[in-house]
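Only one structure is covered here, and it is reproduced in the block below.
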Amino acid sequence: MATPLTAVTLKCLSRTNRNVFAQFVRYRWKPPDKDEEVLPSFDERIKAMRQAQHVNLNDGINIGPSFQVNINKHTELNKIRKWNKQRHVLEKSARHQKLQVDLDQVKEEWTAESGPLHIHDITKHYGIFTDMFSGAYFHPTVPLRIAYDYDEEFVTPVYFGNVVPAHEASLQPYVSFPSGDKGDDLWTLVMTSPDGNLESNDKELLHWMVCNIPQDNVEQGDTVCEYLPPFPARGAGFLRYVFVLYKQASRINTKDIISLTSRVSLRDRTFSSLDFYGTREDSLIPMGLAFFQSEWDKSVRSFFHNTLGMAEPAFEFIHPPPYVPAQVAYPHKEPFNLYLDRYRDKKDIQEEVLKLKLKTVDPSAPPKPRPKFPNTELLPKETPSWLRLKIQSQRLGQDQWKALYRDSKE
């Protein structure tokens with residue numbers, strides 16, 4: 001039982017403590033009166049704010065199989081002991097360039113131990129879960145092996161965000177995956193682009209869909225939507241193209257998924273992975289994922305004109321003018337010639353470059369190529385630092401002195 005404070009106790013307190021105690025007694029909390037207005041609490045404010053912002057209920061929900069990292073302290077300890085026993089032999093083989101590593105075994109161990117977790121992290125980093133599944137996620141436990149055969153000798157694989165040129169992805173890729181021991185497993189493979197829909201920013205573009213795939217035989221599945229190669233618009237940057245593999249609990253009726261009036265109808269290919277999975281979540285489980293990025297090249301132009309029969313869209317980014325702060329009388333740690341050029345009239349700078357070019361250019365001779373080793377000729381020691389920097393920039397063709405030289409390739 002706490003001892004009540006008395007006058008004797010207050011005398012024993014220091015002056016600072018007595019002041020604090022007096023403030024506590026003076027401003028102690030008291031219950032509000034019935035007629036007094038009570039402000040909402042912190043929890044009530046947060047709840048009202050979330051209701052007003054329509055917080056995404058799918059965020060943070062695992063829609064795939066449960067996955068735990070298949071490694072523990074005992075496994076790590078065994079690996080360390082094994083490495084300590086073989087370390088000297090392996091180091092000696094590495095020094096003599098005779099060490100051979102089974103990459104298939106390394107990849108198999110990585111896939112079983114922590115591969116799905118790493119793929120989940122990089123997929124989340126690229127915003128795929130947010131844009132395609134509204135924040136819901138899954139761990140890709142089934143590895144997808146996808147490759148584009150664009151040449152007689154080379155193939156382009158698809159990993160997790162690697163860049164694949166558009167002209168190398170013009171043909172339908174080869175897809176394989178381990179389907180398990182059961183012979184009656186059915187799968188669905190979907191390829192979409194969360195960035196490629198030209199009419200709706202919050203929808204995807206369906207590039208390819210095959211349902212009811214027996215085992216891993218994609219050719220024997222029911223093709224719902226034929227393969228449409230990537231066609232990233234010019235100026236749009238790198239677009240994402242995602243492959244998602246679903247495991248089916250039963251056979252899917254493909255007539256209810258999508259109806260295409262033509263193979264190249266972009267409007268009919270408007271797609272939503274969240275809606276597709278949401279209406280079939282009892283019969284579909286996402287198990288595998290792979291994606292790549294692609295940007296515009298010359299093959300996209302012919303695809304728009306010849307295949308899609310439409311004008312090629314082009315996006316242009318308008319760069320804002322560089323910020324130049326107000327000029328000061330004494331700029332510290334700034335080369336004075338570069339600092340003054342920053343505030344000079346551009347016409348005066350162009351005139352200076354043109355005069356120097358006319359002194360060195362022979363109108364009867366071809367354009368002078370850029371020298372291979374421009375600064376090999378040493379300057380006199382008495383050359384000022386600002387002039388030395390200016391001459392070196394002229395020799396290298398940097399900044400405003402780019403017009404002095406013309407590359408032989410142009």
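Residues in the structure tokens are numbered from 1 in each chain, the chains being A, B, ... in the order shown, and ligands are numbered from 1 in the order shown.
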Please give the complete set of residues from stretch 90-187 of chain A that DSSP, run on the backbone, assigns to alpha helix (DSSP H), formatted as JSON, numbers by chain. {"A": [90, 91, 92, 93, 94, 95, 103, 104, 105, 106, 107, 108, 109, 110, 111, 112, 113, 115, 116, 117, 118, 119, 120, 121, 122, 123, 124, 125, 128, 129, 130, 131, 132, 133]}
Given only C-alpha atoms, how would the per-residue table for stretch 113-189 of chain A near stretch 205-219 of chain A read, listing every residue at most 7 Å away with its closest atom pair and distance in Å to one decimal, sorted by chain and number, as JSON lines?
{"residue": "A:Ser176", "atom": "CA", "partner": "A:Asp216", "partner_atom": "CA", "distance": 5.9}
{"residue": "A:Phe177", "atom": "CA", "partner": "A:Asp216", "partner_atom": "CA", "distance": 6.0}
{"residue": "A:Pro178", "atom": "CA", "partner": "A:Asp216", "partner_atom": "CA", "distance": 6.9}
{"residue": "A:Ser179", "atom": "CA", "partner": "A:Gln215", "partner_atom": "CA", "distance": 5.2}
{"residue": "A:Gly183", "atom": "CA", "partner": "A:Gln215", "partner_atom": "CA", "distance": 6.5}
{"residue": "A:Asp184", "atom": "CA", "partner": "A:Pro214", "partner_atom": "CA", "distance": 6.9}
{"residue": "A:Asp185", "atom": "CA", "partner": "A:Gln215", "partner_atom": "CA", "distance": 5.7}
{"residue": "A:Leu186", "atom": "CA", "partner": "A:Pro214", "partner_atom": "CA", "distance": 5.0}
{"residue": "A:Trp187", "atom": "CA", "partner": "A:Ile213", "partner_atom": "CA", "distance": 4.8}
{"residue": "A:Thr188", "atom": "CA", "partner": "A:Cys211", "partner_atom": "CA", "distance": 4.3}
{"residue": "A:Leu189", "atom": "CA", "partner": "A:Val210", "partner_atom": "CA", "distance": 5.3}
Pick from A:Leu39, A:Ile146, A:Ala166, A:Val264, whichever lies nearest to A:Leu228 using only C-alpha atoms: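 Of A:Leu39, A:Ile146, A:Ala166, A:Val264, the one nearest A:Leu228 is A:Val264, counting only C-alpha atoms.
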Residues near stretch 385-387 of chain A, cut-off 9 Å, only C-alpha atoms, skip fewer than 6 positions along chain, as a ChimeraX atom specification: /A:335-338
Generate the output file for the selected residues, N, CA and C atoms, as an mmCIF file, in the first residue's frame.
data_model
loop_
_atom_site.group_PDB
_atom_site.id
_atom_site.type_symbol
_atom_site.label_atom_id
_atom_site.label_comp_id
_atom_site.auth_asym_id
_atom_site.auth_seq_id
_atom_site.Cartn_x
_atom_site.Cartn_y
_atom_site.Cartn_z
ATOM 1 N N PRO A 335 35.557 27.163 -59.919
ATOM 2 C CA PRO A 335 36.419 27.738 -60.957
ATOM 3 C C PRO A 335 35.747 28.957 -61.575
ATOM 4 N N PHE A 336 36.445 30.083 -61.552
ATOM 5 C CA PHE A 336 35.771 31.333 -61.905
ATOM 6 C C PHE A 336 35.326 31.344 -63.362
ATOM 7 N N ASN A 337 36.092 30.698 -64.275
ATOM 8 C CA ASN A 337 35.689 30.726 -65.673
ATOM 9 C C ASN A 337 34.427 29.890 -65.913
ATOM 10 N N LEU A 338 34.333 28.715 -65.265
ATOM 11 C CA LEU A 338 33.125 27.913 -65.399
ATOM 12 C C LEU A 338 31.945 28.587 -64.712
#
Skip A:Ala311 itself and residues of its chain fewer than 3 positions away, then list as a VMD selection string all residues within 12 Å of it, counting only C-alpha atoms. chain A and resid 233 to 234 300 to 308 314
Store the residues of this selection in a file with N, CA, C and O atoms, as a tab-separated table (two decimals), in the first residue's frame.
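Just written: out_13.tsv:
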chain	number	residue	atom	x	y	z
A	233	ALA	N	6.01	1.03	-76.33
A	233	ALA	CA	5.93	2.27	-77.09
A	233	ALA	C	7.22	3.07	-76.95
A	233	ALA	O	7.92	2.99	-75.93
A	234	ARG	N	7.49	3.87	-77.95
A	234	ARG	CA	8.71	4.67	-77.95
A	234	ARG	C	8.61	5.77	-76.90
A	234	ARG	O	7.62	6.49	-76.82
A	300	VAL	N	9.49	-2.68	-83.22
A	300	VAL	CA	8.18	-2.29	-82.69
A	300	VAL	C	7.43	-1.43	-83.71
A	300	VAL	O	6.20	-1.53	-83.85
A	301	ARG	N	8.16	-0.61	-84.43
A	301	ARG	CA	7.51	0.25	-85.42
A	301	ARG	C	6.83	-0.57	-86.51
A	301	ARG	O	5.67	-0.32	-86.87
A	302	SER	N	7.52	-1.57	-87.03
A	302	SER	CA	6.91	-2.42	-88.05
A	302	SER	C	5.78	-3.25	-87.47
A	302	SER	O	4.81	-3.55	-88.17
A	303	PHE	N	5.85	-3.62	-86.20
A	303	PHE	CA	4.77	-4.39	-85.58
A	303	PHE	C	3.50	-3.54	-85.49
A	303	PHE	O	2.40	-4.02	-85.76
A	304	PHE	N	3.63	-2.28	-85.12
A	304	PHE	CA	2.46	-1.39	-85.06
A	304	PHE	C	1.85	-1.21	-86.45
A	304	PHE	O	0.63	-1.29	-86.62
A	305	HIS	N	2.70	-0.98	-87.44
A	305	HIS	CA	2.17	-0.67	-88.77
A	305	HIS	C	1.65	-1.92	-89.49
A	305	HIS	O	0.56	-1.88	-90.09
A	306	ASN	N	2.39	-3.01	-89.46
A	306	ASN	CA	2.05	-4.18	-90.26
A	306	ASN	C	1.11	-5.15	-89.55
A	306	ASN	O	0.23	-5.73	-90.19
A	307	THR	N	1.29	-5.35	-88.25
A	307	THR	CA	0.49	-6.34	-87.52
A	307	THR	C	-0.75	-5.72	-86.90
A	307	THR	O	-1.87	-6.19	-87.10
A	308	LEU	N	-0.55	-4.64	-86.14
A	308	LEU	CA	-1.69	-4.01	-85.47
A	308	LEU	C	-2.45	-3.08	-86.39
A	308	LEU	O	-3.62	-2.76	-86.12
A	314	ALA	N	4.05	7.56	-79.56
A	314	ALA	CA	5.38	7.97	-79.08
A	314	ALA	C	5.19	8.89	-77.88
A	314	ALA	O	4.34	9.79	-77.91
For A:Leu396: contacts at 7 Å, only C-alpha atoms, fewer than 3 positions along chain excluded, given as a list in words: Pro374, Gln392 and Ser393 of chain A
I need the residues in stretch 69-268 of chain A that are strand (DSSP E) according to DSSP; give them as an mmCIF file with N, CA, C and O atoms, in the first residue's frame.
data_model
loop_
_atom_site.group_PDB
_atom_site.id
_atom_site.type_symbol
_atom_site.label_atom_id
_atom_site.label_comp_id
_atom_site.auth_asym_id
_atom_site.auth_seq_id
_atom_site.Cartn_x
_atom_site.Cartn_y
_atom_site.Cartn_z
ATOM 1 N N ARG A 145 11.207 -22.204 -66.304
ATOM 2 C CA ARG A 145 12.314 -22.085 -67.253
ATOM 3 C C ARG A 145 11.735 -21.618 -68.582
ATOM 4 O O ARG A 145 11.024 -22.362 -69.271
ATOM 5 N N ILE A 146 12.042 -20.375 -68.923
ATOM 6 C CA ILE A 146 11.490 -19.731 -70.111
ATOM 7 C C ILE A 146 12.641 -19.219 -70.960
ATOM 8 O O ILE A 146 13.596 -18.619 -70.440
ATOM 9 N N ALA A 147 12.565 -19.448 -72.260
ATOM 10 C CA ALA A 147 13.627 -19.014 -73.170
ATOM 11 C C ALA A 147 13.015 -18.676 -74.521
ATOM 12 O O ALA A 147 12.103 -19.375 -75.002
ATOM 13 N N TYR A 148 13.506 -17.591 -75.120
ATOM 14 C CA TYR A 148 13.108 -17.172 -76.475
ATOM 15 C C TYR A 148 14.167 -17.635 -77.464
ATOM 16 O O TYR A 148 15.352 -17.329 -77.297
ATOM 17 N N THR A 156 17.439 -16.521 -75.657
ATOM 18 C CA THR A 156 17.395 -15.483 -74.628
ATOM 19 C C THR A 156 16.537 -15.982 -73.477
ATOM 20 O O THR A 156 15.325 -16.153 -73.641
ATOM 21 N N PRO A 157 17.140 -16.237 -72.312
ATOM 22 C CA PRO A 157 16.341 -16.721 -71.182
ATOM 23 C C PRO A 157 15.614 -15.586 -70.483
ATOM 24 O O PRO A 157 15.957 -14.408 -70.615
ATOM 25 N N VAL A 158 14.598 -15.953 -69.736
ATOM 26 C CA VAL A 158 13.830 -15.014 -68.910
ATOM 27 C C VAL A 158 14.066 -15.383 -67.458
ATOM 28 O O VAL A 158 13.843 -16.529 -67.056
ATOM 29 N N PHE A 160 14.367 -12.848 -63.728
ATOM 30 C CA PHE A 160 13.554 -12.045 -62.814
ATOM 31 C C PHE A 160 13.955 -10.584 -62.971
ATOM 32 O O PHE A 160 14.685 -10.022 -62.163
ATOM 33 N N GLY A 161 13.499 -10.009 -64.079
ATOM 34 C CA GLY A 161 13.752 -8.596 -64.335
ATOM 35 C C GLY A 161 14.851 -8.321 -65.327
ATOM 36 O O GLY A 161 15.222 -7.160 -65.517
ATOM 37 N N ASN A 162 15.408 -9.351 -65.979
ATOM 38 C CA ASN A 162 16.440 -9.101 -66.981
ATOM 39 C C ASN A 162 15.831 -8.447 -68.216
ATOM 40 O O ASN A 162 14.628 -8.540 -68.471
ATOM 41 N N VAL A 163 16.669 -7.781 -68.982
ATOM 42 C CA VAL A 163 16.230 -7.043 -70.172
ATOM 43 C C VAL A 163 16.269 -7.965 -71.378
ATOM 44 O O VAL A 163 17.295 -8.586 -71.670
ATOM 45 N N TYR A 174 9.723 -20.912 -75.258
ATOM 46 C CA TYR A 174 9.670 -22.285 -74.752
ATOM 47 C C TYR A 174 9.561 -22.229 -73.227
ATOM 48 O O TYR A 174 10.369 -21.567 -72.567
ATOM 49 N N VAL A 175 8.580 -22.943 -72.686
ATOM 50 C CA VAL A 175 8.317 -22.918 -71.246
ATOM 51 C C VAL A 175 8.333 -24.345 -70.729
ATOM 52 O O VAL A 175 7.707 -25.238 -71.319
ATOM 53 N N SER A 176 9.035 -24.556 -69.633
ATOM 54 C CA SER A 176 9.045 -25.854 -68.964
ATOM 55 C C SER A 176 9.126 -25.618 -67.461
ATOM 56 O O SER A 176 9.627 -24.592 -67.000
ATOM 57 N N LEU A 186 -2.960 -30.316 -63.585
ATOM 58 C CA LEU A 186 -3.277 -29.359 -64.633
ATOM 59 C C LEU A 186 -2.759 -27.992 -64.204
ATOM 60 O O LEU A 186 -2.790 -27.633 -63.022
ATOM 61 N N TRP A 187 -2.316 -27.228 -65.221
ATOM 62 C CA TRP A 187 -1.701 -25.938 -64.955
ATOM 63 C C TRP A 187 -2.257 -24.884 -65.897
ATOM 64 O O TRP A 187 -2.777 -25.202 -66.977
ATOM 65 N N THR A 188 -2.105 -23.619 -65.489
ATOM 66 C CA THR A 188 -2.477 -22.472 -66.314
ATOM 67 C C THR A 188 -1.304 -21.513 -66.369
ATOM 68 O O THR A 188 -0.747 -21.147 -65.325
ATOM 69 N N LEU A 189 -0.925 -21.112 -67.567
ATOM 70 C CA LEU A 189 0.175 -20.174 -67.777
ATOM 71 C C LEU A 189 -0.374 -18.879 -68.365
ATOM 72 O O LEU A 189 -1.092 -18.899 -69.368
ATOM 73 N N VAL A 190 -0.048 -17.765 -67.718
ATOM 74 C CA VAL A 190 -0.547 -16.449 -68.130
ATOM 75 C C VAL A 190 0.641 -15.509 -68.277
ATOM 76 O O VAL A 190 1.504 -15.437 -67.393
ATOM 77 N N MET A 191 0.676 -14.786 -69.388
ATOM 78 C CA MET A 191 1.680 -13.741 -69.607
ATOM 79 C C MET A 191 0.950 -12.417 -69.804
ATOM 80 O O MET A 191 0.147 -12.270 -70.731
ATOM 81 N N THR A 192 1.211 -11.468 -68.929
ATOM 82 C CA THR A 192 0.572 -10.158 -69.008
ATOM 83 C C THR A 192 1.617 -9.068 -68.848
ATOM 84 O O THR A 192 2.746 -9.314 -68.424
ATOM 85 N N SER A 193 1.212 -7.853 -69.172
ATOM 86 C CA SER A 193 2.057 -6.677 -68.988
ATOM 87 C C SER A 193 1.281 -5.650 -68.179
ATOM 88 O O SER A 193 0.278 -5.115 -68.657
ATOM 89 N N GLU A 204 -4.144 -4.503 -67.119
ATOM 90 C CA GLU A 204 -3.023 -5.146 -67.785
ATOM 91 C C GLU A 204 -3.383 -5.468 -69.238
ATOM 92 O O GLU A 204 -4.557 -5.381 -69.633
ATOM 93 N N LEU A 205 -2.392 -5.856 -69.981
ATOM 94 C CA LEU A 205 -2.585 -6.322 -71.352
ATOM 95 C C LEU A 205 -2.212 -7.791 -71.398
ATOM 96 O O LEU A 205 -1.090 -8.171 -71.047
ATOM 97 N N LEU A 206 -3.156 -8.613 -71.821
ATOM 98 C CA LEU A 206 -2.937 -10.057 -71.886
ATOM 99 C C LEU A 206 -2.182 -10.400 -73.159
ATOM 100 O O LEU A 206 -2.651 -10.142 -74.262
ATOM 101 N N HIS A 207 -1.007 -11.004 -73.002
ATOM 102 C CA HIS A 207 -0.186 -11.386 -74.153
ATOM 103 C C HIS A 207 -0.320 -12.866 -74.501
ATOM 104 O O HIS A 207 -0.155 -13.231 -75.663
ATOM 105 N N TRP A 208 -0.612 -13.686 -73.504
ATOM 106 C CA TRP A 208 -0.629 -15.131 -73.772
ATOM 107 C C TRP A 208 -1.317 -15.815 -72.605
ATOM 108 O O TRP A 208 -1.122 -15.453 -71.449
ATOM 109 N N MET A 209 -2.148 -16.824 -72.915
ATOM 110 C CA MET A 209 -2.794 -17.616 -71.868
ATOM 111 C C MET A 209 -3.058 -19.017 -72.392
ATOM 112 O O MET A 209 -3.651 -19.194 -73.462
ATOM 113 N N VAL A 210 -2.607 -19.995 -71.614
ATOM 114 C CA VAL A 210 -2.837 -21.403 -71.925
ATOM 115 C C VAL A 210 -3.362 -22.063 -70.652
ATOM 116 O O VAL A 210 -2.711 -21.993 -69.605
ATOM 117 N N CYS A 211 -4.507 -22.705 -70.725
ATOM 118 C CA CYS A 211 -5.123 -23.368 -69.574
ATOM 119 C C CYS A 211 -5.128 -24.889 -69.781
ATOM 120 O O CYS A 211 -4.909 -25.383 -70.892
ATOM 121 N N ASN A 212 -5.403 -25.584 -68.690
ATOM 122 C CA ASN A 212 -5.533 -27.049 -68.710
ATOM 123 C C ASN A 212 -4.290 -27.715 -69.316
ATOM 124 O O ASN A 212 -4.377 -28.589 -70.182
ATOM 125 N N ILE A 213 -3.113 -27.274 -68.856
ATOM 126 C CA ILE A 213 -1.847 -27.834 -69.341
ATOM 127 C C ILE A 213 -1.578 -29.139 -68.597
ATOM 128 O O ILE A 213 -1.434 -29.138 -67.371
ATOM 129 N N PRO A 214 -1.509 -30.273 -69.289
ATOM 130 C CA PRO A 214 -1.193 -31.534 -68.597
ATOM 131 C C PRO A 214 0.302 -31.638 -68.322
ATOM 132 O O PRO A 214 1.130 -31.445 -69.220
ATOM 133 N N ASP A 222 -5.005 -25.889 -73.542
ATOM 134 C CA ASP A 222 -6.017 -25.139 -74.279
ATOM 135 C C ASP A 222 -5.588 -23.677 -74.369
ATOM 136 O O ASP A 222 -5.531 -22.963 -73.355
ATOM 137 N N THR A 223 -5.288 -23.249 -75.591
ATOM 138 C CA THR A 223 -4.837 -21.873 -75.798
ATOM 139 C C THR A 223 -6.042 -20.942 -75.778
ATOM 140 O O THR A 223 -6.864 -20.937 -76.696
ATOM 141 N N VAL A 224 -6.150 -20.156 -74.734
ATOM 142 C CA VAL A 224 -7.241 -19.187 -74.608
ATOM 143 C C VAL A 224 -6.921 -17.922 -75.387
ATOM 144 O O VAL A 224 -7.788 -17.328 -76.019
ATOM 145 N N CYS A 225 -5.671 -17.502 -75.365
ATOM 146 C CA CYS A 225 -5.243 -16.277 -76.044
ATOM 147 C C CYS A 225 -3.892 -16.544 -76.686
ATOM 148 O O CYS A 225 -2.947 -16.949 -76.006
ATOM 149 N N LEU A 239 9.283 -1.608 -69.987
ATOM 150 C CA LEU A 239 7.998 -2.144 -69.557
ATOM 151 C C LEU A 239 8.198 -3.563 -69.024
ATOM 152 O O LEU A 239 9.082 -4.297 -69.461
ATOM 153 N N ARG A 240 7.340 -3.946 -68.074
ATOM 154 C CA ARG A 240 7.439 -5.263 -67.438
ATOM 155 C C ARG A 240 6.503 -6.255 -68.129
ATOM 156 O O ARG A 240 5.367 -5.911 -68.468
ATOM 157 N N TYR A 241 6.983 -7.487 -68.294
ATOM 158 C CA TYR A 241 6.212 -8.576 -68.877
ATOM 159 C C TYR A 241 6.358 -9.775 -67.946
ATOM 160 O O TYR A 241 7.459 -10.264 -67.718
ATOM 161 N N VAL A 242 5.225 -10.238 -67.407
ATOM 162 C CA VAL A 242 5.221 -11.175 -66.297
ATOM 163 C C VAL A 242 4.570 -12.486 -66.726
ATOM 164 O O VAL A 242 3.495 -12.477 -67.343
ATOM 165 N N PHE A 243 5.227 -13.602 -66.396
ATOM 166 C CA PHE A 243 4.668 -14.941 -66.554
ATOM 167 C C PHE A 243 4.264 -15.447 -65.168
ATOM 168 O O PHE A 243 5.075 -15.441 -64.249
ATOM 169 N N VAL A 244 3.027 -15.905 -65.032
ATOM 170 C CA VAL A 244 2.533 -16.474 -63.777
ATOM 171 C C VAL A 244 1.992 -17.869 -64.070
ATOM 172 O O VAL A 244 1.198 -18.054 -65.006
ATOM 173 N N LEU A 245 2.432 -18.822 -63.272
ATOM 174 C CA LEU A 245 1.993 -20.214 -63.418
ATOM 175 C C LEU A 245 1.054 -20.562 -62.271
ATOM 176 O O LEU A 245 1.407 -20.408 -61.096
ATOM 177 N N TYR A 246 -0.167 -21.006 -62.612
ATOM 178 C CA TYR A 246 -1.165 -21.406 -61.627
ATOM 179 C C TYR A 246 -1.340 -22.930 -61.671
ATOM 180 O O TYR A 246 -1.328 -23.532 -62.749
ATOM 181 N N LYS A 247 -1.541 -23.505 -60.512
ATOM 182 C CA LYS A 247 -1.889 -24.916 -60.425
ATOM 183 C C LYS A 247 -3.399 -25.042 -60.272
ATOM 184 O O LYS A 247 -4.003 -24.400 -59.416
ATOM 185 N N GLN A 248 -4.004 -25.878 -61.109
ATOM 186 C CA GLN A 248 -5.461 -26.026 -61.114
ATOM 187 C C GLN A 248 -5.884 -27.181 -60.220
ATOM 188 O O GLN A 248 -5.243 -28.230 -60.184
#
For each of A:Ser250, A:Ser299, A:Gln398, A:Asn78, take the minimum atom-to-atom distance to A:Glu312, counting only C-alpha atoms, then give the residue where this is smallest.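 Going through A:Ser250, A:Ser299, A:Gln398, A:Asn78 one by one, the smallest distance to A:Glu312 is for A:Ser299.
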Could you pull the residues within 12 Å of A:Thr376, counting only C-alpha atoms, minus those fewer than 3 positions along the same chain, as JSON, numbers by chain? {"A": [371, 372, 373, 379, 392, 395, 396]}
What's around A:Asp149 at 10 Å? Count only C-alpha atoms, leave out sequence neighbours fewer than 4 positions away in its own chain, and write the answer as an mmCIF file with C-alpha atoms, in the first residue's frame.
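The result, stored in part-v2.cif:
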data_model
loop_
_atom_site.group_PDB
_atom_site.id
_atom_site.type_symbol
_atom_site.label_atom_id
_atom_site.label_comp_id
_atom_site.auth_asym_id
_atom_site.auth_seq_id
_atom_site.Cartn_x
_atom_site.Cartn_y
_atom_site.Cartn_z
ATOM 1 C CA GLU A 153 22.482 -20.596 -82.338
ATOM 2 C CA PHE A 154 21.421 -18.448 -79.382
ATOM 3 C CA VAL A 155 18.445 -18.237 -77.026
ATOM 4 C CA THR A 156 17.395 -15.483 -74.628
ATOM 5 C CA PRO A 157 16.341 -16.721 -71.182
ATOM 6 C CA GLU A 168 14.223 -11.179 -79.621
ATOM 7 C CA ALA A 169 10.802 -11.861 -78.072
ATOM 8 C CA SER A 170 8.832 -11.875 -81.324
ATOM 9 C CA LEU A 171 8.230 -15.657 -81.278
ATOM 10 C CA GLN A 172 6.405 -17.730 -78.676
ATOM 11 C CA PRO A 173 8.863 -18.799 -75.951
ATOM 12 C CA TYR A 174 9.670 -22.285 -74.752
#
Give me, please, the distance in Å between atom CA of A:Arg267 and atom CA of A:Thr123, quoted to one decimal.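 Between atom CA of A:Arg267 and atom CA of A:Thr123 the gap works out to 26.9 Å.
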Distance of atom CA of A:Gly288 from atom CA of A:Asn253, expressed in Å to one decimal place: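 These atoms are spaced 21.6 Å apart.
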Enter the distance from atom CA of A:Asn62 to atom CA of A:Phe133, in Å, rounded to one decimal.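 Atom-to-atom, atom CA of A:Asn62 to atom CA of A:Phe133, that is 10.5 Å.
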